[in-house]
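Chemist: Below is the file protein.csv, with CSV, C-alpha atoms.
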chain,number,residue,atom,x,y,z
X,1,MET,CA,62.5,-31.0,107.9
X,2,ASN,CA,59.9,-29.1,109.7
X,3,ALA,CA,57.1,-31.6,109.4
X,4,LEU,CA,59.4,-34.3,110.9
X,5,GLU,CA,60.3,-32.2,113.9
X,6,ALA,CA,56.6,-31.6,114.5
X,7,LEU,CA,56.2,-35.4,114.5
X,8,ALA,CA,58.9,-36.0,117.1
X,9,GLU,CA,56.6,-35.5,120.1
X,10,PRO,CA,54.7,-38.4,121.7
X,11,THR,CA,51.3,-36.8,122.0
X,12,ARG,CA,51.3,-35.6,118.4
X,13,MET,CA,52.5,-39.0,117.2
X,14,ARG,CA,49.6,-40.6,119.1
X,15,ILE,CA,47.2,-38.1,117.6
X,16,LEU,CA,48.4,-39.1,114.1
X,17,GLU,CA,48.0,-42.7,114.9
X,18,LEU,CA,44.4,-42.1,115.9
X,19,LEU,CA,43.8,-40.1,112.7
X,20,ALA,CA,45.4,-42.9,110.7
X,21,GLU,CA,42.5,-45.1,111.8
X,22,GLN,CA,39.8,-42.6,110.9
X,23,GLN,CA,39.0,-38.9,110.8
X,24,ARG,CA,37.9,-37.6,114.2
X,25,THR,CA,36.8,-34.5,116.0
X,26,ALA,CA,39.0,-32.7,118.5
X,27,GLY,CA,36.8,-34.0,121.3
X,28,GLU,CA,37.2,-37.6,120.2
X,29,ILE,CA,40.9,-37.2,120.0
X,30,ALA,CA,41.1,-35.6,123.5
X,31,SER,CA,39.1,-38.4,125.0
X,32,HIS,CA,42.2,-40.6,124.4
X,33,PHE,CA,44.5,-38.4,126.5
X,34,PRO,CA,44.7,-37.3,130.1
X,35,THR,CA,45.9,-33.9,128.6
X,36,SER,CA,43.4,-31.0,128.7
X,37,ARG,CA,41.3,-30.3,125.6
X,38,PRO,CA,43.0,-27.0,124.9
X,39,GLY,CA,46.3,-28.9,125.0
X,40,ILE,CA,45.1,-31.2,122.3
X,41,SER,CA,43.9,-28.2,120.3
X,42,ARG,CA,47.4,-26.7,120.5
X,43,HIS,CA,48.9,-30.0,119.2
X,44,LEU,CA,46.3,-30.1,116.4
X,45,ARG,CA,47.2,-26.6,115.4
X,46,VAL,CA,50.9,-27.4,115.2
X,47,LEU,CA,50.1,-30.5,113.1
X,48,ARG,CA,48.0,-28.4,110.8
X,49,GLU,CA,50.7,-25.7,110.5
X,50,TYR,CA,53.1,-28.4,109.4
X,51,GLY,CA,50.7,-29.7,106.9
X,52,LEU,CA,50.4,-33.1,108.6
X,53,VAL,CA,46.7,-32.8,109.5
X,54,ARG,CA,43.8,-31.1,107.7
X,55,ALA,CA,40.5,-30.0,109.1
X,56,ARG,CA,37.1,-29.7,107.4
X,57,GLU,CA,33.7,-28.5,108.6
X,58,ASP,CA,31.0,-31.2,108.7
X,59,GLY,CA,27.9,-29.4,109.8
X,60,ARG,CA,28.6,-28.3,113.3
X,61,ARG,CA,31.5,-30.6,113.7
X,62,ARG,CA,35.1,-30.0,112.6
X,63,LEU,CA,36.7,-33.2,111.5
X,64,TYR,CA,40.5,-33.8,111.5
X,65,SER,CA,42.2,-36.2,109.1
X,66,LEU,CA,45.8,-37.0,108.1
X,67,ASP,CA,47.4,-35.1,105.2
X,68,THR,CA,49.9,-37.5,103.6
X,69,GLY,CA,51.7,-34.9,101.5
X,70,PRO,CA,54.7,-34.1,103.7
X,71,LEU,CA,55.9,-37.7,104.1
X,72,GLN,CA,55.3,-38.4,100.4
X,73,GLU,CA,57.9,-35.7,99.9
X,74,LEU,CA,60.3,-37.7,102.2
X,75,ASP,CA,59.6,-40.9,100.4
X,76,GLU,CA,60.4,-39.2,97.1
X,77,TRP,CA,63.7,-38.0,98.6
X,78,LEU,CA,64.6,-41.6,99.6
X,79,GLN,CA,63.6,-43.0,96.2
X,80,ARG,CA,65.6,-40.4,94.3
X,81,TYR,CA,68.8,-40.9,96.3
X,82,ARG,CA,68.5,-44.7,96.3
X,83,GLY,CA,68.7,-44.6,92.5
X,84,PHE,CA,71.4,-41.9,92.6
X,85,TRP,CA,73.7,-43.8,94.9
X,86,ASP,CA,73.1,-47.2,93.3
X,87,ASN,CA,74.5,-45.8,90.1
X,88,ARG,CA,77.3,-44.0,91.8
X,89,LEU,CA,78.5,-47.0,93.8
X,90,ASP,CA,78.5,-49.1,90.6
X,91,ALA,CA,80.6,-46.3,89.0
X,92,LEU,CA,82.9,-46.5,92.0
X,93,ASP,CA,83.4,-50.2,91.3
X,94,THR,CA,84.3,-49.4,87.7
X,95,GLU,CA,86.7,-46.8,89.0
X,96,ILE,CA,88.4,-49.2,91.4
X,97,LYS,CA,89.0,-51.6,88.6
X,98,ARG,CA,90.2,-48.8,86.3
X,99,ARG,CA,92.8,-47.7,88.9
X,100,ARG,CA,94.1,-51.2,89.2
X,101,ARG,CA,94.6,-51.4,85.4
X,102,ASN,CA,96.3,-48.0,85.3
X,103,PRO,CA,98.2,-47.5,88.5
L,1,MET,CA,66.1,-48.9,104.1
L,2,ILE,CA,65.5,-46.5,106.9
L,3,ALA,CA,67.2,-46.8,110.2
L,4,GLU,CA,65.2,-46.5,113.5
L,5,GLY,CA,64.6,-43.0,114.4
L,6,THR,CA,66.0,-41.1,111.4
L,7,CYS,CA,65.1,-40.5,107.8
L,8,GLU,CA,68.1,-42.3,106.4
L,9,LEU,CA,69.1,-44.2,103.3
L,10,ARG,CA,71.6,-47.0,103.8
L,11,LEU,CA,73.3,-49.0,101.1
L,12,THR,CA,76.1,-51.5,101.4
L,13,ARG,CA,78.4,-52.8,98.7
L,14,TYR,CA,81.2,-55.3,98.6
L,15,TYR,CA,84.2,-54.5,96.4
L,16,ARG,CA,86.9,-57.0,95.5
L,17,ALA,CA,89.6,-54.6,96.5
L,18,SER,CA,91.5,-53.6,99.7
L,19,PRO,CA,90.2,-50.8,101.8
L,20,SER,CA,93.2,-48.7,100.7
L,21,GLU,CA,92.2,-49.2,97.0
L,22,VAL,CA,88.6,-48.3,97.7
L,23,TRP,CA,89.6,-45.3,99.8
L,24,ALA,CA,91.9,-44.1,97.0
L,25,ALA,CA,89.1,-44.3,94.4
L,26,LEU,CA,86.6,-42.7,96.9
L,27,THR,CA,88.8,-39.7,97.7
L,28,ASP,CA,91.1,-39.0,94.7
L,29,ALA,CA,90.0,-35.9,92.9
L,30,ALA,CA,90.4,-37.5,89.4
L,31,SER,CA,88.5,-40.6,90.6
L,32,ILE,CA,85.7,-38.6,92.2
L,33,ALA,CA,85.2,-36.8,88.9
L,34,ARG,CA,84.7,-40.2,87.2
L,35,TRP,CA,82.5,-42.0,89.7
L,36,LEU,CA,80.5,-39.1,91.2
L,37,ALA,CA,80.6,-36.0,89.0
L,38,PRO,CA,82.9,-33.4,87.6
L,39,VAL,CA,84.7,-31.8,90.5
L,40,GLY,CA,86.9,-28.9,91.3
L,41,ASP,CA,89.6,-28.9,94.0
L,42,VAL,CA,89.2,-31.6,96.5
L,43,ASP,CA,90.5,-30.9,100.0
L,44,LEU,CA,89.7,-33.7,102.4
L,45,ALA,CA,90.9,-32.0,105.6
L,46,PRO,CA,88.7,-31.0,108.4
L,47,ASN,CA,86.5,-28.1,107.1
L,48,GLY,CA,87.7,-28.9,103.7
L,49,GLY,CA,85.6,-30.3,101.0
L,50,PHE,CA,84.7,-30.1,97.3
L,51,GLU,CA,82.1,-28.8,94.9
L,52,VAL,CA,80.6,-30.9,92.2
L,53,ARG,CA,78.4,-30.1,89.3
L,54,CYS,CA,75.6,-32.6,89.4
L,55,ASP,CA,73.7,-32.8,86.1
L,56,ASP,CA,70.2,-31.6,86.9
L,57,ARG,CA,70.9,-30.6,90.5
L,58,GLY,CA,73.2,-27.6,90.0
L,59,LEU,CA,76.2,-27.1,92.2
L,60,LEU,CA,76.5,-29.6,95.1
L,61,ILE,CA,78.7,-28.7,98.0
L,62,ALA,CA,80.3,-31.4,100.1
L,63,ARG,CA,82.1,-30.3,103.2
L,64,VAL,CA,84.1,-32.7,105.4
L,65,ARG,CA,82.7,-33.4,108.8
L,66,ALA,CA,84.9,-36.3,109.7
L,67,PHE,CA,87.4,-38.5,108.0
L,68,GLU,CA,89.8,-41.3,109.0
L,69,ILE,CA,92.0,-42.6,106.3
L,70,GLU,CA,90.9,-45.8,104.7
L,71,ARG,CA,88.0,-46.1,107.2
L,72,LEU,CA,85.5,-43.2,107.3
L,73,LEU,CA,84.5,-40.1,105.3
L,74,GLU,CA,81.5,-38.0,106.4
L,75,LEU,CA,80.3,-35.1,104.4
L,76,ASP,CA,77.8,-32.3,104.9
L,77,TRP,CA,75.8,-32.6,101.6
L,78,THR,CA,74.3,-29.3,100.3
L,79,VAL,CA,72.3,-29.2,97.2
L,80,PRO,CA,70.4,-26.1,96.1
L,81,GLY,CA,66.7,-26.5,96.8
L,82,GLU,CA,67.1,-29.5,99.0
L,83,LYS,CA,67.1,-30.0,102.7
L,84,PRO,CA,70.6,-30.3,104.2
L,85,SER,CA,71.8,-33.9,104.6
L,86,VAL,CA,74.8,-35.8,105.7
L,87,VAL,CA,76.6,-38.5,103.6
L,88,ARG,CA,78.8,-41.0,105.4
L,89,PHE,CA,81.0,-43.7,103.8
L,90,GLU,CA,82.5,-46.4,106.1
L,91,LEU,CA,84.9,-49.0,104.9
L,92,ARG,CA,85.6,-52.3,106.5
L,93,ALA,CA,88.0,-55.1,105.4
L,94,ASP,CA,86.1,-58.3,104.7
L,95,GLY,CA,88.1,-61.3,103.5
L,96,ASP,CA,89.8,-60.3,100.3
L,97,GLY,CA,87.6,-57.3,99.8
L,98,THR,CA,86.0,-54.3,101.4
L,99,VAL,CA,82.5,-53.6,102.5
L,100,LEU,CA,81.4,-50.0,102.0
L,101,ALA,CA,78.4,-48.8,104.0
L,102,LEU,CA,76.8,-45.6,102.7
L,103,ASP,CA,74.5,-43.7,104.9
L,104,HIS,CA,72.7,-40.6,103.6
L,105,ARG,CA,70.5,-39.0,106.2
L,106,LEU,CA,68.4,-35.8,106.3
L,107,VAL,CA,69.5,-33.4,109.0
L,108,GLY,CA,66.8,-32.9,111.7
L,109,ALA,CA,64.7,-35.8,110.4
L,110,ARG,CA,64.8,-37.7,113.6
L,111,VAL,CA,61.4,-39.4,113.7
L,112,GLY,CA,60.4,-42.9,114.7
L,113,MET,CA,59.7,-45.4,112.0
L,114,ARG,CA,56.3,-45.5,113.6
L,115,ALA,CA,55.5,-42.2,111.8
L,116,MET,CA,56.5,-43.7,108.4
L,117,GLY,CA,54.4,-46.7,109.3
L,118,ILE,CA,51.4,-44.6,109.9
L,119,TRP,CA,51.8,-42.9,106.5
L,120,GLU,CA,52.6,-46.1,104.6
L,121,GLY,CA,49.4,-47.7,105.9
L,122,HIS,CA,47.4,-44.6,105.1
L,123,LEU,CA,48.8,-44.3,101.6
L,124,THR,CA,48.0,-47.9,100.9
L,125,ARG,CA,44.4,-47.4,102.0
L,126,LEU,CA,44.3,-44.2,99.9
L,127,ASP,CA,45.5,-46.2,96.9
L,128,ALA,CA,42.9,-48.8,97.5
L,129,LEU,CA,40.2,-46.2,97.7
L,130,LEU,CA,41.3,-44.4,94.6
L,131,GLY,CA,41.5,-47.8,92.8
L,132,GLU,CA,37.9,-48.6,93.8
L,133,ARG,CA,36.8,-45.3,92.6
L,134,GLU,CA,38.4,-45.8,89.2
L,135,ALA,CA,37.0,-49.3,88.9
L,136,ARG,CA,33.5,-48.1,89.2
Can the structure from this file be put into structure tokens for me?
Modeler:
Amino acid sequence: MNALEALAEPTRMRILELLAEQQRTAGEIASHFPTSRPGISRHLRVLREYGLVRAREDGRRRLYSLDTGPLQELDEWLQRYRGFWDNRLDALDTEIKRRRRNP
Amino acid sequence: MIAEGTCELRLTRYYRASPSEVWAALTDAASIARWLAPVGDVDLAPNGGFEVRCDDRGLLIARVRAFEIERLLELDWTVPGEKPSVVRFELRADGDGTVLALDHRLVGARVGMRAMGIWEGHLTRLDALLGEREAR
């Protein structure tokens, strides 16, 4: 789960929270941290590599925003297995009863 | 439901049967074939495991990480094309029956629920925006 590992870092998590509010430039993001601007740029690069953040040019500015794709994938995984295990645990109940009838 | 700090699915069920009955159904090869999926040899020793053919998913490999008779079974869960995950069954006697807790978690998916919260809010806003656009 690469995207998730990328998330497990406090500065990057905070950057994502800022971007969840609205799209921002790197400078705006950096103003929320004591970390140096190059440090923030590095974090942004990691977040982009993992597909969590996108950048687009807006005139002379570069605007960063969240990319929701990776966690949608995660949500799909959860939904899929919830249905799978629901069915299987019902089947286990049937099996327990069957074993009792046919010891 | 997702536990704090991990990407994890948790389901609990109550069965009107003793832990030993539930354990037998959970771990007997013939039983597994009926409640989970067709299965080959089942070896529930450390490093043992089993392979099951799961309808659309191809060959699933379950390898034993830990087990305690009538109490705990933890499996490495490997499905082609999926991220590795761990499935854990825990049994606990409860009155005349047994509570089974199933945890299925993605390996390496250790993130705060904060992250999911961010995305959830964002996706909701996105839905709202798309809805507005369609309504126009």
Chemist: Using Å and a single decimal, report how far atom CA of X:Glu17 sits from atom CA of X:His32.
Modeler: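 About the pair atom CA of X:His32 and atom CA of X:Glu17: they are 11.3 Å apart.
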Chemist: Looking at all atoms listed in the file, which of X:Gln72, X:Asn102, X:Gly39, X:Ile29 is the one that sits closest to chain L?
Modeler: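 Of X:Gln72, X:Asn102, X:Gly39, X:Ile29, the one nearest chain L, counting all atoms listed in the file, is X:Gln72.
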Chemist: With a cut-off of 7 Å and counting all atoms listed in the file, select all residues of chain X in contact with chain L and give the selection as a list in words.
Modeler: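 Selected residues: Met1, Leu4, Glu5, Leu7, Ala8, Met13, Glu17, Ala20, Thr68, Leu78, Arg88, Ala91, Leu92, Asp93, Glu95 and Ile96 of chain X.
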Chemist: Take the residues from that selection and write them out as a PDB file, keeping the file's coordinate frame, keeping C-alpha atoms.
Modeler:
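Wrote it out as out14.pdb, contents follow:
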ATOM      1  CA  MET X   1      62.500 -31.000 107.900  1.00  0.00           C
ATOM      2  CA  LEU X   4      59.400 -34.300 110.900  1.00  0.00           C
ATOM      3  CA  GLU X   5      60.300 -32.200 113.900  1.00  0.00           C
ATOM      4  CA  LEU X   7      56.200 -35.400 114.500  1.00  0.00           C
ATOM      5  CA  ALA X   8      58.900 -36.000 117.100  1.00  0.00           C
ATOM      6  CA  MET X  13      52.500 -39.000 117.200  1.00  0.00           C
ATOM      7  CA  GLU X  17      48.000 -42.700 114.900  1.00  0.00           C
ATOM      8  CA  ALA X  20      45.400 -42.900 110.700  1.00  0.00           C
ATOM      9  CA  THR X  68      49.900 -37.500 103.600  1.00  0.00           C
ATOM     10  CA  LEU X  78      64.600 -41.600  99.600  1.00  0.00           C
ATOM     11  CA  ARG X  88      77.300 -44.000  91.800  1.00  0.00           C
ATOM     12  CA  ALA X  91      80.600 -46.300  89.000  1.00  0.00           C
ATOM     13  CA  LEU X  92      82.900 -46.500  92.000  1.00  0.00           C
ATOM     14  CA  ASP X  93      83.400 -50.200  91.300  1.00  0.00           C
ATOM     15  CA  GLU X  95      86.700 -46.800  89.000  1.00  0.00           C
ATOM     16  CA  ILE X  96      88.400 -49.200  91.400  1.00  0.00           C
TER      17      ILE X  96
END
Chemist: With all atoms listed in the file as the atoms that count, which of X:Arg82, X:Gly27, X:Leu89, X:Glu73 lies nearest to L:Phe89?
Modeler: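 Selected residue with least distance to L:Phe89: X:Leu89.
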Chemist: List as number ranges by chain the protein and nucleic acid residues near stretch 48-51 of chain L, meaning an atom at most 10 Å away when only C-alpha atoms are counted, but skip any in the same chain fewer than 6 places from it.
Modeler: L: 29, 32, 37-42, 59-66, 75-78
Chemist: Can I get the selected residues back with C-alpha atoms, as a CSV table (one decimal), in the coordinates of the input?
Modeler:
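File written: out22.csv
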chain,number,residue,atom,x,y,z
L,29,ALA,CA,90.0,-35.9,92.9
L,32,ILE,CA,85.7,-38.6,92.2
L,37,ALA,CA,80.6,-36.0,89.0
L,38,PRO,CA,82.9,-33.4,87.6
L,39,VAL,CA,84.7,-31.8,90.5
L,40,GLY,CA,86.9,-28.9,91.3
L,41,ASP,CA,89.6,-28.9,94.0
L,42,VAL,CA,89.2,-31.6,96.5
L,59,LEU,CA,76.2,-27.1,92.2
L,60,LEU,CA,76.5,-29.6,95.1
L,61,ILE,CA,78.7,-28.7,98.0
L,62,ALA,CA,80.3,-31.4,100.1
L,63,ARG,CA,82.1,-30.3,103.2
L,64,VAL,CA,84.1,-32.7,105.4
L,65,ARG,CA,82.7,-33.4,108.8
L,66,ALA,CA,84.9,-36.3,109.7
L,75,LEU,CA,80.3,-35.1,104.4
L,76,ASP,CA,77.8,-32.3,104.9
L,77,TRP,CA,75.8,-32.6,101.6
L,78,THR,CA,74.3,-29.3,100.3
Chemist: Restricting the calculation to all atoms listed in the file: of X:Ala30, X:Arg61, X:Arg24, X:Arg12, which residue gets closest to X:Arg48?
Modeler: X:Arg12
Chemist: Write out as a PDB file with C-alpha atoms, in the frame of the given file which residues come within 9 Å of X:Leu66 when counting only C-alpha atoms, dropping same-chain ones fewer than 2 positions away.
Modeler:
ATOM      1  CA  LEU X  16      48.400 -39.100 114.100  1.00  0.00           C
ATOM      2  CA  LEU X  19      43.800 -40.100 112.700  1.00  0.00           C
ATOM      3  CA  ALA X  20      45.400 -42.900 110.700  1.00  0.00           C
ATOM      4  CA  GLN X  22      39.800 -42.600 110.900  1.00  0.00           C
ATOM      5  CA  GLN X  23      39.000 -38.900 110.800  1.00  0.00           C
ATOM      6  CA  GLY X  51      50.700 -29.700 106.900  1.00  0.00           C
ATOM      7  CA  LEU X  52      50.400 -33.100 108.600  1.00  0.00           C
ATOM      8  CA  VAL X  53      46.700 -32.800 109.500  1.00  0.00           C
ATOM      9  CA  ARG X  54      43.800 -31.100 107.700  1.00  0.00           C
ATOM     10  CA  ALA X  55      40.500 -30.000 109.100  1.00  0.00           C
ATOM     11  CA  TYR X  64      40.500 -33.800 111.500  1.00  0.00           C
ATOM     12  CA  THR X  68      49.900 -37.500 103.600  1.00  0.00           C
TER      13      THR X  68
ATOM     14  CA  TRP L 119      51.800 -42.900 106.500  1.00  0.00           C
ATOM     15  CA  HIS L 122      47.400 -44.600 105.100  1.00  0.00           C
TER      16      HIS L 122
END
Chemist: So how far away is atom CA of L:Ala101 from atom CA of L:Val87, in Å?
Modeler: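 Answer for the atom CA of L:Val87 to atom CA of L:Ala101 separation: 10.5 Å.
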Chemist: Using atom CA of X:Arg101 and atom CA of L:Asp96 as the two end points, give the distance in Å to one decimal.
Modeler: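 Separation of atom CA of X:Arg101 and atom CA of L:Asp96: 18.0 Å.
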Chemist: Looking at X:Leu74, X:Leu47, X:Ile15, X:Leu63, which one is nearest to X:Thr35, with distances taken over only C-alpha atoms?
Modeler: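 The closest residue to X:Thr35 is X:Ile15.
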Chemist: With N, CA and C atoms as the goal, would you fill in the gaps in stretch 71-100 of chain L and present it as a PDB file, in the frame of the given file?
Modeler:
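Resulting contents of selection_30.pdb:
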ATOM      1  N   ARG L  71      89.032 -45.565 106.305  1.00  0.00           N
ATOM      2  CA  ARG L  71      88.000 -46.100 107.200  1.00  0.00           C
ATOM      3  C   ARG L  71      86.664 -45.294 107.086  1.00  0.00           C
ATOM      4  N   LEU L  72      86.765 -43.971 107.120  1.00  0.00           N
ATOM      5  CA  LEU L  72      85.500 -43.200 107.300  1.00  0.00           C
ATOM      6  C   LEU L  72      85.639 -41.826 106.549  1.00  0.00           C
ATOM      7  N   LEU L  73      84.568 -41.477 105.869  1.00  0.00           N
ATOM      8  CA  LEU L  73      84.500 -40.100 105.300  1.00  0.00           C
ATOM      9  C   LEU L  73      83.014 -39.682 105.487  1.00  0.00           C
ATOM     10  N   GLU L  74      82.869 -38.565 106.188  1.00  0.00           N
ATOM     11  CA  GLU L  74      81.500 -38.000 106.400  1.00  0.00           C
ATOM     12  C   GLU L  74      81.454 -36.614 105.919  1.00  0.00           C
ATOM     13  N   LEU L  75      80.412 -36.346 105.126  1.00  0.00           N
ATOM     14  CA  LEU L  75      80.300 -35.100 104.400  1.00  0.00           C
ATOM     15  C   LEU L  75      78.965 -34.383 104.710  1.00  0.00           C
ATOM     16  N   ASP L  76      79.009 -33.079 104.933  1.00  0.00           N
ATOM     17  CA  ASP L  76      77.800 -32.300 104.900  1.00  0.00           C
ATOM     18  C   ASP L  76      77.453 -32.155 103.393  1.00  0.00           C
ATOM     19  N   TRP L  77      76.226 -32.433 103.044  1.00  0.00           N
ATOM     20  CA  TRP L  77      75.800 -32.600 101.600  1.00  0.00           C
ATOM     21  C   TRP L  77      74.799 -31.468 101.345  1.00  0.00           C
ATOM     22  N   THR L  78      75.187 -30.473 100.588  1.00  0.00           N
ATOM     23  CA  THR L  78      74.300 -29.300 100.300  1.00  0.00           C
ATOM     24  C   THR L  78      73.989 -29.198  98.865  1.00  0.00           C
ATOM     25  N   VAL L  79      72.734 -29.318  98.550  1.00  0.00           N
ATOM     26  CA  VAL L  79      72.300 -29.200  97.200  1.00  0.00           C
ATOM     27  C   VAL L  79      71.246 -28.098  97.110  1.00  0.00           C
ATOM     28  N   PRO L  80      71.344 -27.162  96.151  1.00  0.00           N
ATOM     29  CA  PRO L  80      70.400 -26.100  96.100  1.00  0.00           C
ATOM     30  C   PRO L  80      68.942 -26.634  96.028  1.00  0.00           C
ATOM     31  N   GLY L  81      68.079 -26.060  96.826  1.00  0.00           N
ATOM     32  CA  GLY L  81      66.700 -26.500  96.800  1.00  0.00           C
ATOM     33  C   GLY L  81      66.367 -27.734  97.537  1.00  0.00           C
ATOM     34  N   GLU L  82      67.382 -28.291  98.214  1.00  0.00           N
ATOM     35  CA  GLU L  82      67.100 -29.500  99.000  1.00  0.00           C
ATOM     36  C   GLU L  82      67.400 -29.260 100.467  1.00  0.00           C
ATOM     37  N   LYS L  83      66.806 -30.078 101.307  1.00  0.00           N
ATOM     38  CA  LYS L  83      67.100 -30.000 102.700  1.00  0.00           C
ATOM     39  C   LYS L  83      68.507 -30.481 102.989  1.00  0.00           C
ATOM     40  N   PRO L  84      69.199 -29.871 103.979  1.00  0.00           N
ATOM     41  CA  PRO L  84      70.600 -30.300 104.200  1.00  0.00           C
ATOM     42  C   PRO L  84      70.624 -31.780 104.666  1.00  0.00           C
ATOM     43  N   SER L  85      71.666 -32.445 104.247  1.00  0.00           N
ATOM     44  CA  SER L  85      71.800 -33.900 104.600  1.00  0.00           C
ATOM     45  C   SER L  85      73.261 -34.197 104.842  1.00  0.00           C
ATOM     46  N   VAL L  86      73.495 -35.378 105.366  1.00  0.00           N
ATOM     47  CA  VAL L  86      74.800 -35.800 105.700  1.00  0.00           C
ATOM     48  C   VAL L  86      75.077 -37.184 104.992  1.00  0.00           C
ATOM     49  N   VAL L  87      76.209 -37.271 104.309  1.00  0.00           N
ATOM     50  CA  VAL L  87      76.600 -38.500 103.600  1.00  0.00           C
ATOM     51  C   VAL L  87      77.786 -39.108 104.332  1.00  0.00           C
ATOM     52  N   ARG L  88      77.708 -40.376 104.650  1.00  0.00           N
ATOM     53  CA  ARG L  88      78.800 -41.000 105.400  1.00  0.00           C
ATOM     54  C   ARG L  88      79.183 -42.325 104.688  1.00  0.00           C
ATOM     55  N   PHE L  89      80.481 -42.449 104.387  1.00  0.00           N
ATOM     56  CA  PHE L  89      81.000 -43.700 103.800  1.00  0.00           C
ATOM     57  C   PHE L  89      81.866 -44.362 104.875  1.00  0.00           C
ATOM     58  N   GLU L  90      81.621 -45.612 105.120  1.00  0.00           N
ATOM     59  CA  GLU L  90      82.500 -46.400 106.100  1.00  0.00           C
ATOM     60  C   GLU L  90      83.006 -47.588 105.358  1.00  0.00           C
ATOM     61  N   LEU L  91      84.295 -47.827 105.513  1.00  0.00           N
ATOM     62  CA  LEU L  91      84.900 -49.000 104.900  1.00  0.00           C
ATOM     63  C   LEU L  91      85.350 -49.984 105.955  1.00  0.00           C
ATOM     64  N   ARG L  92      85.218 -51.247 105.592  1.00  0.00           N
ATOM     65  CA  ARG L  92      85.600 -52.300 106.500  1.00  0.00           C
ATOM     66  C   ARG L  92      86.157 -53.462 105.676  1.00  0.00           C
ATOM     67  N   ALA L  93      87.378 -53.924 106.068  1.00  0.00           N
ATOM     68  CA  ALA L  93      88.000 -55.100 105.400  1.00  0.00           C
ATOM     69  C   ALA L  93      87.087 -56.279 105.601  1.00  0.00           C
ATOM     70  N   ASP L  94      86.908 -57.079 104.541  1.00  0.00           N
ATOM     71  CA  ASP L  94      86.100 -58.300 104.700  1.00  0.00           C
ATOM     72  C   ASP L  94      86.718 -59.339 103.746  1.00  0.00           C
ATOM     73  N   GLY L  95      87.405 -60.289 104.334  1.00  0.00           N
ATOM     74  CA  GLY L  95      88.100 -61.300 103.500  1.00  0.00           C
ATOM     75  C   GLY L  95      89.074 -60.630 102.583  1.00  0.00           C
ATOM     76  N   ASP L  96      88.934 -60.934 101.289  1.00  0.00           N
ATOM     77  CA  ASP L  96      89.800 -60.300 100.300  1.00  0.00           C
ATOM     78  C   ASP L  96      89.328 -58.995  99.811  1.00  0.00           C
ATOM     79  N   GLY L  97      88.208 -58.577 100.311  1.00  0.00           N
ATOM     80  CA  GLY L  97      87.600 -57.300  99.800  1.00  0.00           C
ATOM     81  C   GLY L  97      87.293 -56.333 100.862  1.00  0.00           C
ATOM     82  N   THR L  98      86.393 -55.420 100.494  1.00  0.00           N
ATOM     83  CA  THR L  98      86.000 -54.300 101.400  1.00  0.00           C
ATOM     84  C   THR L  98      84.505 -54.137 101.322  1.00  0.00           C
ATOM     85  N   VAL L  99      83.928 -53.950 102.492  1.00  0.00           N
ATOM     86  CA  VAL L  99      82.500 -53.600 102.500  1.00  0.00           C
ATOM     87  C   VAL L  99      82.424 -52.087 102.701  1.00  0.00           C
ATOM     88  N   LEU L 100      81.664 -51.453 101.831  1.00  0.00           N
ATOM     89  CA  LEU L 100      81.400 -50.000 102.000  1.00  0.00           C
ATOM     90  C   LEU L 100      79.971 -49.841 102.406  1.00  0.00           C
TER      91      LEU L 100
END
